[in-house]
>>> print(open('protein03.pdb').read())   # PDB, C-alpha atoms, pLDDT in the B column
ATOM      1  CA  MET A  43     -16.580 -46.259 -23.107  1.00 47.00           C
ATOM      2  CA  GLU A  44     -14.110 -43.887 -24.774  1.00 48.00           C
ATOM      3  CA  THR A  45     -10.726 -43.767 -23.040  1.00 58.00           C
ATOM      4  CA  ARG A  46      -8.617 -40.678 -22.451  1.00 55.00           C
ATOM      5  CA  THR A  47      -6.115 -41.931 -25.050  1.00 59.00           C
ATOM      6  CA  GLU A  48      -8.877 -42.348 -27.647  1.00 52.00           C
ATOM      7  CA  ARG A  49     -10.181 -38.843 -26.913  1.00 63.00           C
ATOM      8  CA  SER A  50      -6.672 -37.442 -27.203  1.00 61.00           C
ATOM      9  CA  GLU A  51      -6.106 -39.189 -30.544  1.00 65.00           C
ATOM     10  CA  ALA A  52      -9.461 -37.943 -31.830  1.00 66.00           C
ATOM     11  CA  THR A  53      -8.545 -34.404 -30.774  1.00 82.00           C
ATOM     12  CA  LEU A  54      -5.132 -34.707 -32.440  1.00 85.00           C
ATOM     13  CA  GLY A  55      -6.860 -35.934 -35.599  1.00 87.00           C
ATOM     14  CA  ALA A  56      -9.194 -32.930 -35.530  1.00 89.00           C
ATOM     15  CA  ILE A  57      -6.225 -30.587 -35.084  1.00 91.00           C
ATOM     16  CA  VAL A  58      -4.348 -32.062 -38.050  1.00 92.00           C
ATOM     17  CA  GLU A  59      -7.523 -32.080 -40.161  1.00 93.00           C
ATOM     18  CA  THR A  60      -8.133 -28.400 -39.422  1.00 94.00           C
ATOM     19  CA  ALA A  61      -4.492 -27.519 -40.070  1.00 94.00           C
ATOM     20  CA  LEU A  62      -4.436 -29.472 -43.336  1.00 94.00           C
ATOM     21  CA  ALA A  63      -7.486 -27.626 -44.643  1.00 94.00           C
ATOM     22  CA  MET A  64      -5.918 -24.338 -43.635  1.00 93.00           C
ATOM     23  CA  ALA A  65      -2.559 -25.197 -45.251  1.00 95.00           C
ATOM     24  CA  LEU A  66      -4.225 -26.221 -48.513  1.00 93.00           C
ATOM     25  CA  ALA A  67      -6.212 -22.999 -48.645  1.00 92.00           C
ATOM     26  CA  GLU A  68      -3.599 -20.549 -47.361  1.00 93.00           C
ATOM     27  CA  GLY A  69      -0.202 -22.287 -47.389  1.00 93.00           C
ATOM     28  CA  LEU A  70       1.864 -24.098 -44.796  1.00 94.00           C
ATOM     29  CA  ASN A  71       3.325 -20.833 -43.541  1.00 93.00           C
ATOM     30  CA  SER A  72      -0.156 -19.622 -42.649  1.00 92.00           C
ATOM     31  CA  LEU A  73      -0.385 -22.174 -39.848  1.00 93.00           C
ATOM     32  CA  SER A  74      -0.262 -20.976 -36.252  1.00 91.00           C
ATOM     33  CA  LEU A  75      -1.235 -22.826 -33.098  1.00 92.00           C
ATOM     34  CA  GLY A  76      -3.612 -20.021 -32.115  1.00 92.00           C
ATOM     35  CA  GLU A  77      -5.487 -19.883 -35.420  1.00 93.00           C
ATOM     36  CA  VAL A  78      -5.731 -23.671 -35.706  1.00 92.00           C
ATOM     37  CA  ALA A  79      -7.032 -23.806 -32.112  1.00 90.00           C
ATOM     38  CA  LYS A  80      -9.645 -21.173 -32.935  1.00 91.00           C
ATOM     39  CA  ARG A  81     -10.847 -22.987 -36.057  1.00 92.00           C
ATOM     40  CA  ALA A  82     -10.873 -26.366 -34.307  1.00 88.00           C
ATOM     41  CA  GLY A  83     -12.761 -24.984 -31.317  1.00 89.00           C
ATOM     42  CA  LEU A  84      -9.943 -25.728 -28.887  1.00 86.00           C
ATOM     43  CA  SER A  85      -7.679 -23.776 -26.589  1.00 87.00           C
ATOM     44  CA  LYS A  86      -4.212 -22.871 -27.778  1.00 88.00           C
ATOM     45  CA  SER A  87      -2.748 -24.762 -24.832  1.00 87.00           C
ATOM     46  CA  GLY A  88      -4.811 -27.808 -25.812  1.00 84.00           C
ATOM     47  CA  VAL A  89      -3.338 -27.729 -29.303  1.00 86.00           C
ATOM     48  CA  PHE A  90       0.165 -27.222 -27.957  1.00 86.00           C
ATOM     49  CA  SER A  91      -0.137 -30.125 -25.513  1.00 85.00           C
ATOM     50  CA  ARG A  92      -1.025 -32.508 -28.336  1.00 88.00           C
ATOM     51  CA  ILE A  93       1.104 -31.264 -31.233  1.00 89.00           C
ATOM     52  CA  GLY A  94       3.913 -29.198 -29.728  1.00 85.00           C
ATOM     53  CA  SER A  95       5.469 -26.484 -31.831  1.00 90.00           C
ATOM     54  CA  ARG A  96       4.248 -24.750 -34.975  1.00 92.00           C
ATOM     55  CA  GLU A  97       6.905 -26.619 -36.970  1.00 94.00           C
ATOM     56  CA  ALA A  98       5.679 -29.936 -35.553  1.00 94.00           C
ATOM     57  CA  LEU A  99       2.179 -28.995 -36.701  1.00 93.00           C
ATOM     58  CA  GLN A 100       3.439 -28.172 -40.187  1.00 95.00           C
ATOM     59  CA  LYS A 101       5.306 -31.481 -40.352  1.00 95.00           C
ATOM     60  CA  ALA A 102       2.215 -33.386 -39.196  1.00 95.00           C
ATOM     61  CA  VAL A 103       0.230 -31.746 -42.005  1.00 96.00           C
ATOM     62  CA  ILE A 104       2.797 -32.783 -44.628  1.00 96.00           C
ATOM     63  CA  GLU A 105       2.833 -36.352 -43.298  1.00 96.00           C
ATOM     64  CA  GLU A 106      -0.962 -36.555 -43.289  1.00 96.00           C
ATOM     65  CA  TYR A 107      -1.210 -35.228 -46.830  1.00 95.00           C
ATOM     66  CA  ALA A 108       1.411 -37.732 -48.023  1.00 95.00           C
ATOM     67  CA  LYS A 109      -0.446 -40.600 -46.339  1.00 96.00           C
ATOM     68  CA  ARG A 110      -3.747 -39.670 -47.982  1.00 95.00           C
ATOM     69  CA  PHE A 111      -2.109 -39.181 -51.362  1.00 95.00           C
ATOM     70  CA  LEU A 112      -0.548 -42.659 -51.285  1.00 94.00           C
ATOM     71  CA  GLN A 113      -3.776 -44.234 -50.038  1.00 96.00           C
ATOM     72  CA  ASP A 114      -5.801 -42.650 -52.834  1.00 95.00           C
ATOM     73  CA  VAL A 115      -3.365 -43.047 -55.719  1.00 95.00           C
ATOM     74  CA  PHE A 116      -0.557 -45.525 -55.188  1.00 94.00           C
ATOM     75  CA  MET A 117      -1.929 -48.290 -52.967  1.00 95.00           C
ATOM     76  CA  PRO A 118      -5.022 -49.126 -55.079  1.00 96.00           C
ATOM     77  CA  ALA A 119      -2.912 -49.107 -58.260  1.00 96.00           C
ATOM     78  CA  MET A 120      -0.622 -51.800 -56.797  1.00 95.00           C
ATOM     79  CA  ARG A 121      -3.465 -54.291 -57.257  1.00 96.00           C
ATOM     80  CA  GLU A 122      -3.120 -53.951 -61.025  1.00 96.00           C
ATOM     81  CA  PRO A 123      -0.711 -56.119 -63.083  1.00 96.00           C
ATOM     82  CA  ARG A 124       2.808 -54.772 -63.413  1.00 95.00           C
ATOM     83  CA  GLY A 125       3.518 -52.669 -66.460  1.00 96.00           C
ATOM     84  CA  LEU A 126       1.216 -50.376 -68.363  1.00 97.00           C
ATOM     85  CA  PRO A 127      -1.978 -51.500 -66.531  1.00 97.00           C
ATOM     86  CA  ARG A 128      -0.441 -50.349 -63.238  1.00 97.00           C
ATOM     87  CA  LEU A 129       0.906 -47.116 -64.704  1.00 97.00           C
ATOM     88  CA  ASN A 130      -2.484 -46.396 -66.278  1.00 97.00           C
ATOM     89  CA  ALA A 131      -4.150 -47.041 -62.911  1.00 97.00           C
ATOM     90  CA  ILE A 132      -1.784 -44.630 -61.155  1.00 97.00           C
ATOM     91  CA  MET A 133      -2.537 -41.920 -63.681  1.00 96.00           C
ATOM     92  CA  HIS A 134      -6.274 -42.579 -63.601  1.00 96.00           C
ATOM     93  CA  LEU A 135      -6.372 -42.470 -59.788  1.00 97.00           C
ATOM     94  CA  TRP A 136      -4.162 -39.378 -59.692  1.00 95.00           C
ATOM     95  CA  MET A 137      -6.505 -37.553 -62.053  1.00 95.00           C
ATOM     96  CA  LYS A 138      -9.522 -38.849 -60.148  1.00 95.00           C
ATOM     97  CA  ARG A 139      -8.058 -37.324 -56.989  1.00 95.00           C
ATOM     98  CA  VAL A 140      -7.520 -34.010 -58.780  1.00 93.00           C
ATOM     99  CA  ARG A 141     -11.083 -34.065 -60.090  1.00 92.00           C
ATOM    100  CA  GLU A 142     -12.737 -35.027 -56.798  1.00 92.00           C
ATOM    101  CA  VAL A 143     -10.423 -33.485 -54.187  1.00 92.00           C
ATOM    102  CA  GLU A 144      -7.606 -31.219 -55.292  1.00 92.00           C
ATOM    103  CA  SER A 145      -9.544 -29.155 -57.810  1.00 89.00           C
ATOM    104  CA  ARG A 146     -11.416 -27.893 -54.716  1.00 90.00           C
ATOM    105  CA  THR A 147      -8.742 -27.962 -52.022  1.00 90.00           C
ATOM    106  CA  GLY A 148      -5.440 -27.581 -53.861  1.00 90.00           C
ATOM    107  CA  CYS A 149      -2.373 -29.819 -53.921  1.00 93.00           C
ATOM    108  CA  LEU A 150       0.179 -29.530 -51.124  1.00 93.00           C
ATOM    109  CA  TYR A 151       2.925 -30.955 -53.339  1.00 93.00           C
ATOM    110  CA  SER A 152       2.380 -28.373 -56.077  1.00 92.00           C
ATOM    111  CA  ALA A 153       1.656 -25.386 -53.859  1.00 91.00           C
ATOM    112  CA  GLY A 154       4.313 -26.351 -51.334  1.00 91.00           C
ATOM    113  CA  ALA A 155       6.962 -26.587 -54.033  1.00 90.00           C
ATOM    114  CA  PHE A 156       6.411 -22.940 -54.906  1.00 90.00           C
ATOM    115  CA  GLU A 157       5.974 -21.865 -51.288  1.00 92.00           C
ATOM    116  CA  PHE A 158       9.268 -23.435 -50.199  1.00 92.00           C
ATOM    117  CA  ASP A 159      11.356 -23.332 -53.364  1.00 89.00           C
ATOM    118  CA  ASP A 160      13.677 -20.674 -51.897  1.00 90.00           C
ATOM    119  CA  CYS A 161      13.236 -21.545 -48.212  1.00 89.00           C
ATOM    120  CA  GLU A 162      15.914 -23.834 -46.830  1.00 94.00           C
ATOM    121  CA  GLY A 163      15.095 -25.809 -43.702  1.00 94.00           C
ATOM    122  CA  PRO A 164      13.410 -28.913 -42.304  1.00 94.00           C
ATOM    123  CA  LEU A 165       9.974 -28.224 -43.805  1.00 93.00           C
ATOM    124  CA  ARG A 166      11.376 -27.890 -47.301  1.00 95.00           C
ATOM    125  CA  ASP A 167      13.447 -31.028 -46.716  1.00 96.00           C
ATOM    126  CA  LEU A 168      10.416 -33.033 -45.558  1.00 96.00           C
ATOM    127  CA  LEU A 169       8.234 -31.870 -48.426  1.00 95.00           C
ATOM    128  CA  LEU A 170      11.031 -32.602 -50.895  1.00 96.00           C
ATOM    129  CA  GLU A 171      11.501 -36.070 -49.386  1.00 96.00           C
ATOM    130  CA  HIS A 172       7.856 -36.933 -50.006  1.00 95.00           C
ATOM    131  CA  VAL A 173       7.840 -35.514 -53.541  1.00 95.00           C
ATOM    132  CA  LEU A 174      11.003 -37.457 -54.411  1.00 96.00           C
ATOM    133  CA  HIS A 175       9.544 -40.598 -52.820  1.00 95.00           C
ATOM    134  CA  TRP A 176       6.472 -40.249 -55.011  1.00 94.00           C
ATOM    135  CA  ARG A 177       8.567 -39.629 -58.126  1.00 95.00           C
ATOM    136  CA  ALA A 178      10.668 -42.708 -57.339  1.00 96.00           C
ATOM    137  CA  ALA A 179       7.488 -44.804 -57.105  1.00 94.00           C
ATOM    138  CA  LEU A 180       6.382 -43.400 -60.449  1.00 95.00           C
ATOM    139  CA  ARG A 181       9.819 -44.169 -61.901  1.00 97.00           C
ATOM    140  CA  ARG A 182       9.589 -47.797 -60.724  1.00 96.00           C
ATOM    141  CA  SER A 183       6.223 -48.152 -62.447  1.00 96.00           C
ATOM    142  CA  VAL A 184       7.637 -46.787 -65.706  1.00 97.00           C
ATOM    143  CA  ASP A 185      10.706 -49.063 -65.419  1.00 98.00           C
ATOM    144  CA  LEU A 186       8.456 -52.106 -64.953  1.00 97.00           C
ATOM    145  CA  ALA A 187       6.415 -51.132 -68.017  1.00 97.00           C
ATOM    146  CA  ILE A 188       9.677 -51.069 -69.995  1.00 98.00           C
ATOM    147  CA  GLN A 189      10.865 -54.390 -68.531  1.00 97.00           C
ATOM    148  CA  VAL A 190       7.667 -56.261 -69.418  1.00 97.00           C
ATOM    149  CA  GLY A 191       7.702 -54.853 -72.956  1.00 97.00           C
ATOM    150  CA  HIS A 192       4.732 -52.503 -72.699  1.00 98.00           C
ATOM    151  CA  LEU A 193       6.987 -49.537 -73.457  1.00 98.00           C
ATOM    152  CA  LEU A 194       9.874 -49.368 -75.916  1.00 98.00           C
ATOM    153  CA  PRO A 195      13.175 -50.680 -74.501  1.00 97.00           C
ATOM    154  CA  ASP A 196      14.991 -47.418 -75.202  1.00 97.00           C
ATOM    155  CA  THR A 197      12.340 -45.329 -73.391  1.00 98.00           C
ATOM    156  CA  ASP A 198      13.922 -42.653 -71.211  1.00 98.00           C
ATOM    157  CA  ALA A 199      12.138 -43.391 -67.939  1.00 97.00           C
ATOM    158  CA  GLU A 200      13.367 -40.256 -66.216  1.00 97.00           C
ATOM    159  CA  GLN A 201      12.037 -38.126 -69.067  1.00 97.00           C
ATOM    160  CA  ILE A 202       8.652 -39.857 -68.824  1.00 98.00           C
ATOM    161  CA  VAL A 203       8.506 -39.176 -65.078  1.00 97.00           C
ATOM    162  CA  PHE A 204       9.446 -35.532 -65.688  1.00 97.00           C
ATOM    163  CA  GLU A 205       6.637 -35.162 -68.220  1.00 97.00           C
ATOM    164  CA  LEU A 206       4.064 -36.971 -66.063  1.00 96.00           C
ATOM    165  CA  ASP A 207       4.894 -34.868 -63.029  1.00 94.00           C
ATOM    166  CA  GLY A 208       4.872 -31.714 -65.133  1.00 95.00           C
ATOM    167  CA  LEU A 209       1.514 -32.723 -66.543  1.00 96.00           C
ATOM    168  CA  PHE A 210       0.014 -32.613 -63.073  1.00 94.00           C
ATOM    169  CA  VAL A 211       1.538 -29.248 -62.228  1.00 93.00           C
ATOM    170  CA  ALA A 212      -0.117 -27.912 -65.379  1.00 95.00           C
ATOM    171  CA  LEU A 213      -3.337 -29.748 -64.539  1.00 95.00           C
ATOM    172  CA  MET A 214      -3.526 -28.121 -61.111  1.00 94.00           C
ATOM    173  CA  ARG A 215      -3.158 -24.660 -62.647  1.00 94.00           C
ATOM    174  CA  GLU A 216      -5.788 -25.409 -65.284  1.00 95.00           C
ATOM    175  CA  ALA A 217      -8.207 -26.884 -62.744  1.00 93.00           C
ATOM    176  CA  ARG A 218      -7.648 -24.435 -59.872  1.00 92.00           C
ATOM    177  CA  PHE A 219      -6.571 -21.121 -61.381  1.00 92.00           C
ATOM    178  CA  LEU A 220      -8.162 -21.230 -64.833  1.00 94.00           C
ATOM    179  CA  ARG A 221     -11.099 -23.313 -63.535  1.00 93.00           C
ATOM    180  CA  ASP A 222     -11.330 -25.271 -66.748  1.00 94.00           C
ATOM    181  CA  PRO A 223     -13.943 -28.037 -66.273  1.00 93.00           C
ATOM    182  CA  LEU A 224     -12.226 -30.035 -69.015  1.00 95.00           C
ATOM    183  CA  ALA A 225      -8.785 -29.891 -67.402  1.00 95.00           C
ATOM    184  CA  CYS A 226      -8.710 -33.569 -66.369  1.00 94.00           C
ATOM    185  CA  ASP A 227      -9.952 -34.695 -69.786  1.00 95.00           C
ATOM    186  CA  ARG A 228      -7.220 -32.674 -71.468  1.00 96.00           C
ATOM    187  CA  ALA A 229      -4.621 -34.095 -69.079  1.00 96.00           C
ATOM    188  CA  TRP A 230      -5.689 -37.660 -69.872  1.00 97.00           C
ATOM    189  CA  THR A 231      -5.467 -36.915 -73.600  1.00 97.00           C
ATOM    190  CA  ALA A 232      -1.937 -35.599 -73.053  1.00 97.00           C
ATOM    191  CA  TYR A 233      -1.026 -38.723 -71.079  1.00 97.00           C
ATOM    192  CA  GLU A 234      -2.335 -41.036 -73.793  1.00 97.00           C
ATOM    193  CA  ARG A 235      -0.399 -39.135 -76.443  1.00 97.00           C
ATOM    194  CA  LEU A 236       2.797 -39.420 -74.405  1.00 97.00           C
ATOM    195  CA  ILE A 237       2.348 -43.165 -73.870  1.00 97.00           C
ATOM    196  CA  ARG A 238       1.595 -43.763 -77.553  1.00 97.00           C
ATOM    197  CA  SER A 239       4.932 -42.135 -78.399  1.00 97.00           C
ATOM    198  CA  VAL A 240       6.813 -44.822 -76.437  1.00 97.00           C
ATOM    199  CA  THR A 241       4.575 -47.834 -77.076  1.00 96.00           C
ATOM    200  CA  PRO A 242       5.853 -50.633 -79.360  1.00 94.00           C
TER     201      PRO A 242
END
>>> encode(input="protein03.pdb", output="C-alpha cells")
Amino acid sequence: METRTERSEATLGAIVETALAMALAEGLNSLSLGEVAKRAGLSKSGVFSRIGSREALQKAVIEEYAKRFLQDVFMPAMREPRGLPRLNAIMHLWMKRVREVESRTGCLYSAGAFEFDDCEGPLRDLLLEHVLHWRAALRRSVDLAIQVGHLLPDTDAEQIVFELDGLFVALMREARFLRDPLACDRAWTAYERLIRSVTP
C-alpha cells in the first residue's frame, strides 16, 4: 500500500517534471507556482507545501536537468576504456541526446546561458556551476586521451573543450531554430575533423 511519503515524493516528481517541461519550452523565468500547479493539476498551496518558493522550484529544475544529462551522457561513457574511446562515447551519447531529446525540448544549458548571461544571482550561479562541472568532466576525458597517447602530447585540451562545447551550441541552433534534419550528422563530421587534427 502506498505510504503518504511515497505519494508526496510522486507528487514532487510530477511538479518538477511539469516545471522542467515548462522551463525548456519557455525559460526558467517563466516558472511560477500557480502556473506549474495548473499544468500539474494541483493546487498552488499543494505545490508550495512540497517545493517552497519559486526560486526553489527553479533550482530543483536545474538539478533535475543536470541529473538527467549526466545519466544520459556521462555515466554510460564511463564504461568505455580511458582515452579516445571514452571521449568518442561522450560525444556520441551527447549527440544522441540532442537527436532524441533536445531537438524537441531544447537544452537548459544552452538556453539558460543566454537567459541568465546578464542576470547575477543564485540561479545563474547554480546553472554556471553545472555547466562548469560538465566542462571539467569533458576536460578530464580530453586530458586522459592525451595521457594515453590517443591525442598529440602538445594538444591544447582547453581549446578542444572550447570547440566541443561550442559545437553543441551551434548544433542546438541548427537542430532547433533552423530545423536541419542533418544537424547531428554535420556535428559528428565536425567532431571527427577536429579529432583528426590532433591525432598522432
>>> atom_distance(input="protein03.pdb", atom1="atom CA of A:Pro123", atom2="atom CA of A:Asp207")
22.0 Å
>>> resolve_selection(input="protein03.pdb", expression="the PyMOL selection byres ((chain A and resi 65) around 10)", output="PyMOL selection string")
chain A and resi 59-64+66-73+100+103-104+147-150+153-154
>>> atom_distance(input="protein03.pdb", atom1="atom CA of A:Thr241", atom2="atom CA of A:Leu213")
23.4 Å
>>> residues_around(input="protein03.pdb", residues="A:Glu144", least_positions_apart="4", cutoff="12 Å", atoms="all atoms listed in the file", output="list of chain:residue names")
A:Ala63, A:Leu66, A:Ala67, A:Tyr107, A:Arg110, A:Phe111, A:Asp114, A:Trp136, A:Met137, A:Lys138, A:Arg139, A:Val140, A:Gly148, A:Cys149, A:Leu150, A:Tyr151, A:Ser152, A:Ala153, A:Phe210, A:Val211, A:Leu213, A:Met214, A:Arg215, A:Glu216, A:Ala217, A:Arg218, A:Phe219, A:Arg221, A:Cys226
>>> resolve_selection(input="protein03.pdb", expression="the PyMOL selection byres ((chain A and resi 188-201) around 6)", output="ChimeraX atom specification")
/A:126,185-187,202-204,240-242
>>> residues_around(input="protein03.pdb", residues="A:Leu84", least_positions_apart="4", cutoff="12 Å", atoms="all atoms listed in the file", output="ChimeraX atom specification")
/A:53-54,56-57,60,75-80,88-92
>>> resolve_selection(input="protein03.pdb", expression="the PyMOL selection byres ((chain A and resi 117) around 12)", output="VMD selection string")
chain A and resid 109 to 116 118 to 122 128 131 to 132 135 to 136 176 179
>>> closest_residue(input="protein03.pdb", among="A:Ala155, A:Val58, A:Asn130, A:Arg141", to="A:Ile93", atoms="all atoms listed in the file")
A:Val58
>>> atom_distance(input="protein03.pdb", atom1="atom CA of A:Gly83", atom2="atom CA of A:Lys101")
21.2 Å
>>> closest_residue(input="protein03.pdb", among="A:Gly125, A:Ser183, A:Arg177, A:Asp227", to="A:Gly208", atoms="all atoms listed in the file")
A:Arg177
>>> closest_residue(input="protein03.pdb", among="A:Ser145, A:Glu157, A:Ser95, A:Ala102", to="A:Leu224", atoms="all atoms listed in the file")
A:Ser145
>>> axis_aligned_box(input="protein03.pdb", around="stretch 104-114 of chain A", padding_each_side="4 Å", output="AutoDock Vina command-line options")
--center_x -1.5 --center_y -38.5 --center_z -48.1 --size_x 16.6 --size_y 19.5 --size_z 17.5
>>> residues_around(input="protein03.pdb", residues="A:Phe158", least_positions_apart="6", cutoff="9 Å", atoms="all atoms listed in the file", output="ChimeraX atom specification")
/A:165-166,169
>>> decode(input="protein03.pdb", residues="stretch 222-233 of chain A", atoms="N, CA and C atoms", output="PDB file, in the first residue's frame")
ATOM      1  N   ASP A 222      17.304  21.730 -39.101  1.00  0.00           N
ATOM      2  CA  ASP A 222      18.043  20.961 -40.096  1.00  0.00           C
ATOM      3  C   ASP A 222      18.074  19.495 -39.661  1.00  0.00           C
ATOM      4  N   PRO A 223      17.470  18.592 -40.426  1.00  0.00           N
ATOM      5  CA  PRO A 223      17.457  17.172 -40.034  1.00  0.00           C
ATOM      6  C   PRO A 223      18.836  16.536 -40.069  1.00  0.00           C
ATOM      7  N   LEU A 224      19.784  17.196 -40.723  1.00  0.00           N
ATOM      8  CA  LEU A 224      21.144  16.659 -40.806  1.00  0.00           C
ATOM      9  C   LEU A 224      22.083  17.298 -39.788  1.00  0.00           C
ATOM     10  N   ALA A 225      21.533  18.046 -38.851  1.00  0.00           N
ATOM     11  CA  ALA A 225      22.373  18.792 -37.909  1.00  0.00           C
ATOM     12  C   ALA A 225      23.318  17.881 -37.126  1.00  0.00           C
ATOM     13  N   CYS A 226      22.817  16.765 -36.606  1.00  0.00           N
ATOM     14  CA  CYS A 226      23.664  15.865 -35.819  1.00  0.00           C
ATOM     15  C   CYS A 226      24.737  15.210 -36.681  1.00  0.00           C
ATOM     16  N   ASP A 227      24.397  14.877 -37.918  1.00  0.00           N
ATOM     17  CA  ASP A 227      25.386  14.298 -38.829  1.00  0.00           C
ATOM     18  C   ASP A 227      26.491  15.311 -39.119  1.00  0.00           C
ATOM     19  N   ARG A 228      26.117  16.551 -39.320  1.00  0.00           N
ATOM     20  CA  ARG A 228      27.116  17.589 -39.577  1.00  0.00           C
ATOM     21  C   ARG A 228      27.985  17.810 -38.340  1.00  0.00           C
ATOM     22  N   ALA A 229      27.381  17.762 -37.170  1.00  0.00           N
ATOM     23  CA  ALA A 229      28.134  17.946 -35.928  1.00  0.00           C
ATOM     24  C   ALA A 229      29.146  16.820 -35.737  1.00  0.00           C
ATOM     25  N   TRP A 230      28.746  15.589 -36.050  1.00  0.00           N
ATOM     26  CA  TRP A 230      29.678  14.468 -35.909  1.00  0.00           C
ATOM     27  C   TRP A 230      30.829  14.602 -36.902  1.00  0.00           C
ATOM     28  N   THR A 231      30.542  15.046 -38.106  1.00  0.00           N
ATOM     29  CA  THR A 231      31.595  15.284 -39.097  1.00  0.00           C
ATOM     30  C   THR A 231      32.576  16.329 -38.581  1.00  0.00           C
ATOM     31  N   ALA A 232      32.054  17.390 -37.976  1.00  0.00           N
ATOM     32  CA  ALA A 232      32.911  18.434 -37.413  1.00  0.00           C
ATOM     33  C   ALA A 232      33.765  17.889 -36.278  1.00  0.00           C
ATOM     34  N   TYR A 233      33.170  17.043 -35.441  1.00  0.00           N
ATOM     35  CA  TYR A 233      33.924  16.428 -34.341  1.00  0.00           C
ATOM     36  C   TYR A 233      35.061  15.561 -34.881  1.00  0.00           C
TER      37      TYR A 233
END
